[in-house]
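*Asks:* What follows is a single structure, and I will ask about it in a moment.
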Amino acid sequence: MSDDAELLARAAGGDHTAFGALVREHTPRMYRVALRITGSAAEAEDVVQEAWLAAWRSLAGFRRESAVSTWLYRVVTNSALAVLRRRRPTVSLDDPDPQSTVDSALLAAAVPGPEGRVVRAEEVDAVLRAVGRLEVSQRVPLVLRELEGLSYEEVAEVLDVNVGALRSRLHRARVALLAELRER
Amino acid sequence: MAQSEDPESDPRWDAVRAAARRRVPTPPGLVERVLRAVARGRRTAVEVPGGAGRLRVTEGVVDRLARTIAADRAPFGVRISAVAVEEDAVQVLVSVRFGIIADAAAEALRREITAELSRQLGVASVVNVHVIDVHPG
């Protein structure tokens with residue numbers, strides 16, 4: 001049994017310390033996913049809190065054939081989707097620019113791409129804004145696969161779809177994202 | 001069109017790979033807020049007496065209700081910073097836009113949340129609104 005699975009089993013038995021250890025380990029990843037799906041730091045924080053409450057309530061229903069991290073990806077993705085569904089159609093003038101909540105200040109001015117091409121911070125900002133403009137059905141698998149680096153099988157499990165359908169949806173998402181980037 | 005058939009071979013895709021490498025810092029205190037929220041989710045905040053027994057509502061539910069009501073009813077220029085159930089009351093922390101009369105805006109929001117919480121829970125709740133910051137217009 002993995003460390004996470006052992007912690008989860010203890011948490012399901014009422015061990016609050018074990019649950020706290022899971023929260024400490026997985027919250028950064030869950031916040032990152034929530035932020036990339038919602039594009040809003042405030043909503044991402046709510047998503048993470050609701051996801052952990054949902055996880056706590058469903059500890060007993062955890063299927064042991066899933067990795068704990070995959071299960072938590074599913075929980076936080078579902079919470080983020082619920083927030084997007086509840087989102088009011090208007091945008092408050094008080095809301096900050098969602099992308100300014102991502103750590104532009106902490107990012108080095110330029111990061112090298114795999115082929116050595118220098119990618120400027122503004123290009124990364126443009127990608128994240130473009131991801132935020134994608135349809136939710138394309139944005140979510142793209143975040144999980146391209147930004148989080150999950151395998152096709154893991155993304156399919158998180159979204160409860162088959163791998164073939166996921167590959168098609170991801171291809172459309174990549175094409176749509178590239179089209180958005182070309183327009184800039 | 002070759003480029004649209006294989007987006008990952010487009011030079012622009014380097015920026016997507018760079019986006020994946022960008023670090024996203026976790027907001028300070030988020031883990032502690034999560035743990036407090038889960039603990040609140042287990043604690044009873046409100047007991048509503050009834051003829052056939054008592055209805056118990058956890059702090060997590062009251063917190064969620066108050067958070068939703070606050071976001072929905074916040075007047076123009078008032079931004080909700082945090083909502084928590086502490087010291088047997090709903091505590092709402094807000095920031096007001098520069099130029100807004102802070103105490104009037106806070107009192108209007110307090111009345112709205114109090115009335116709606118009482119309507120939904122069936123019992124009166126104590127709501128405190130704290131103005132903790134001013135943001136530019």
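Each chain in the structure tokens gets a letter, A, B and so on, in the order shown; residues start at 1 in every chain, and ligands are counted from 1 in the order they appear.
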What are the residues of chain B lining chain A at 6 Å or less? Count only C-alpha atoms, and put the answer as a ChimeraX atom specification.

*Replies:* /B:4,7,14-15,19-20,26,34,38

*Asks:* Can you write just those residues out, N, CA and C atoms, as a tab-separated table (two decimals), in the first residue's frame?

*Replies:*
chain	number	residue	atom	x	y	z
B	4	SER	N	-2.42	22.66	-38.18
B	4	SER	CA	-3.56	22.36	-37.33
B	4	SER	C	-3.68	20.87	-37.07
B	7	PRO	N	-0.65	20.33	-33.69
B	7	PRO	CA	-0.36	21.59	-32.99
B	7	PRO	C	0.95	21.52	-32.19
B	14	ASP	N	5.87	25.79	-27.82
B	14	ASP	CA	6.90	25.95	-26.77
B	14	ASP	C	6.34	26.75	-25.60
B	15	ALA	N	5.49	27.74	-25.91
B	15	ALA	CA	4.92	28.56	-24.84
B	15	ALA	C	3.97	27.75	-23.97
B	19	ALA	N	4.33	27.15	-20.09
B	19	ALA	CA	3.22	27.40	-19.14
B	19	ALA	C	3.10	26.24	-18.16
B	20	ALA	N	3.35	25.02	-18.66
B	20	ALA	CA	3.27	23.84	-17.78
B	20	ALA	C	4.36	23.89	-16.72
B	26	THR	N	1.20	28.32	-3.75
B	26	THR	CA	-0.02	28.11	-2.96
B	26	THR	C	-0.23	29.33	-2.07
B	34	VAL	N	-8.10	25.21	4.86
B	34	VAL	CA	-8.78	23.97	4.47
B	34	VAL	C	-9.05	23.11	5.71
B	38	VAL	N	-12.68	21.94	7.13
B	38	VAL	CA	-13.08	20.54	7.32
B	38	VAL	C	-13.54	20.32	8.76

*Asks:* Sort by chain and increasing residue number a table of all residues of region 15-90 of chain B within 10 Å of region 123-136 of chain B, each with its closest pair of atoms and their distance in Å to one decimal, counting only C-alpha atoms, and write it as JSON lines.

*Replies:*
{"residue": "B:Ala45", "atom": "CA", "partner": "B:Ser125", "partner_atom": "CA", "distance": 10.0}
{"residue": "B:Val46", "atom": "CA", "partner": "B:Val123", "partner_atom": "CA", "distance": 8.1}
{"residue": "B:Glu47", "atom": "CA", "partner": "B:Val123", "partner_atom": "CA", "distance": 8.6}
{"residue": "B:Val48", "atom": "CA", "partner": "B:Val123", "partner_atom": "CA", "distance": 6.9}
{"residue": "B:Pro49", "atom": "CA", "partner": "B:Val123", "partner_atom": "CA", "distance": 9.5}
{"residue": "B:Val62", "atom": "CA", "partner": "B:Ser125", "partner_atom": "CA", "distance": 9.5}
{"residue": "B:Ala66", "atom": "CA", "partner": "B:Val127", "partner_atom": "CA", "distance": 9.1}
{"residue": "B:Gly77", "atom": "CA", "partner": "B:His135", "partner_atom": "CA", "distance": 8.8}
{"residue": "B:Val78", "atom": "CA", "partner": "B:Val134", "partner_atom": "CA", "distance": 9.2}
{"residue": "B:Arg79", "atom": "CA", "partner": "B:His135", "partner_atom": "CA", "distance": 8.8}
{"residue": "B:Ile80", "atom": "CA", "partner": "B:Val131", "partner_atom": "CA", "distance": 9.5}
{"residue": "B:Ser81", "atom": "CA", "partner": "B:Ile132", "partner_atom": "CA", "distance": 8.5}
{"residue": "B:Ala82", "atom": "CA", "partner": "B:His130", "partner_atom": "CA", "distance": 9.9}
{"residue": "B:Val83", "atom": "CA", "partner": "B:Val129", "partner_atom": "CA", "distance": 9.3}
{"residue": "B:Val85", "atom": "CA", "partner": "B:Val127", "partner_atom": "CA", "distance": 9.2}
{"residue": "B:Glu87", "atom": "CA", "partner": "B:Val126", "partner_atom": "CA", "distance": 9.9}
{"residue": "B:Asp88", "atom": "CA", "partner": "B:Val126", "partner_atom": "CA", "distance": 7.6}
{"residue": "B:Ala89", "atom": "CA", "partner": "B:Val126", "partner_atom": "CA", "distance": 4.9}
{"residue": "B:Val90", "atom": "CA", "partner": "B:Val127", "partner_atom": "CA", "distance": 4.7}

*Asks:* Please report the interatomic distance between CA of Ala5 (chain A) and CA of Glu65 (chain A) in Å with one decimal.

*Replies:* 10.4 Å

*Asks:* What does the distance from CA of Val76 (chain A) to CA of Ala12 (chain A) come to in Å, to one decimal?

*Replies:*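 Between CA of Val76 (chain A) and CA of Ala12 (chain A) the gap is 18.5 Å.
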
*Asks:* Step one, run DSSP on the backbone; step two, keep only residues of region 74-122 of chain B assigned to helix (DSSP H, G or I); then write them as a ChimeraX atom specification.

*Replies:* /B:102-121

*Asks:* Given the selection you just returned, output its residues as a file containing C-alpha atoms, formatted as a PDB file, in the first residue's frame.

*Replies:*
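Done, and the output landed in again.pdb:
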ATOM      1  CA  ALA B 102     -17.604  52.115   4.694  1.00  0.00           C
ATOM      2  CA  ASP B 103     -19.870  51.841   7.721  1.00  0.00           C
ATOM      3  CA  ALA B 104     -23.063  52.287   5.685  1.00  0.00           C
ATOM      4  CA  ALA B 105     -21.978  49.667   3.136  1.00  0.00           C
ATOM      5  CA  ALA B 106     -20.951  47.228   5.883  1.00  0.00           C
ATOM      6  CA  GLU B 107     -24.228  47.694   7.769  1.00  0.00           C
ATOM      7  CA  ALA B 108     -26.281  47.193   4.592  1.00  0.00           C
ATOM      8  CA  LEU B 109     -24.427  43.960   3.887  1.00  0.00           C
ATOM      9  CA  ARG B 110     -24.787  42.806   7.515  1.00  0.00           C
ATOM     10  CA  ARG B 111     -28.569  43.309   7.391  1.00  0.00           C
ATOM     11  CA  GLU B 112     -28.844  41.439   4.074  1.00  0.00           C
ATOM     12  CA  ILE B 113     -26.844  38.427   5.299  1.00  0.00           C
ATOM     13  CA  THR B 114     -28.627  38.315   8.671  1.00  0.00           C
ATOM     14  CA  ALA B 115     -32.082  38.396   7.086  1.00  0.00           C
ATOM     15  CA  GLU B 116     -31.322  35.783   4.444  1.00  0.00           C
ATOM     16  CA  LEU B 117     -29.552  33.423   6.865  1.00  0.00           C
ATOM     17  CA  SER B 118     -32.468  33.662   9.292  1.00  0.00           C
ATOM     18  CA  ARG B 119     -34.922  32.981   6.468  1.00  0.00           C
ATOM     19  CA  GLN B 120     -33.016  29.927   5.233  1.00  0.00           C
ATOM     20  CA  LEU B 121     -32.073  28.429   8.614  1.00  0.00           C
TER      21      LEU B 121
END

*Asks:* Quick one: pick out all strand (DSSP E) residues within chain B from a backbone DSSP run and write them as an MDAnalysis selection string.

*Replies:* chainID B and resid 44:50 53:58 78:86 89:97 127:135
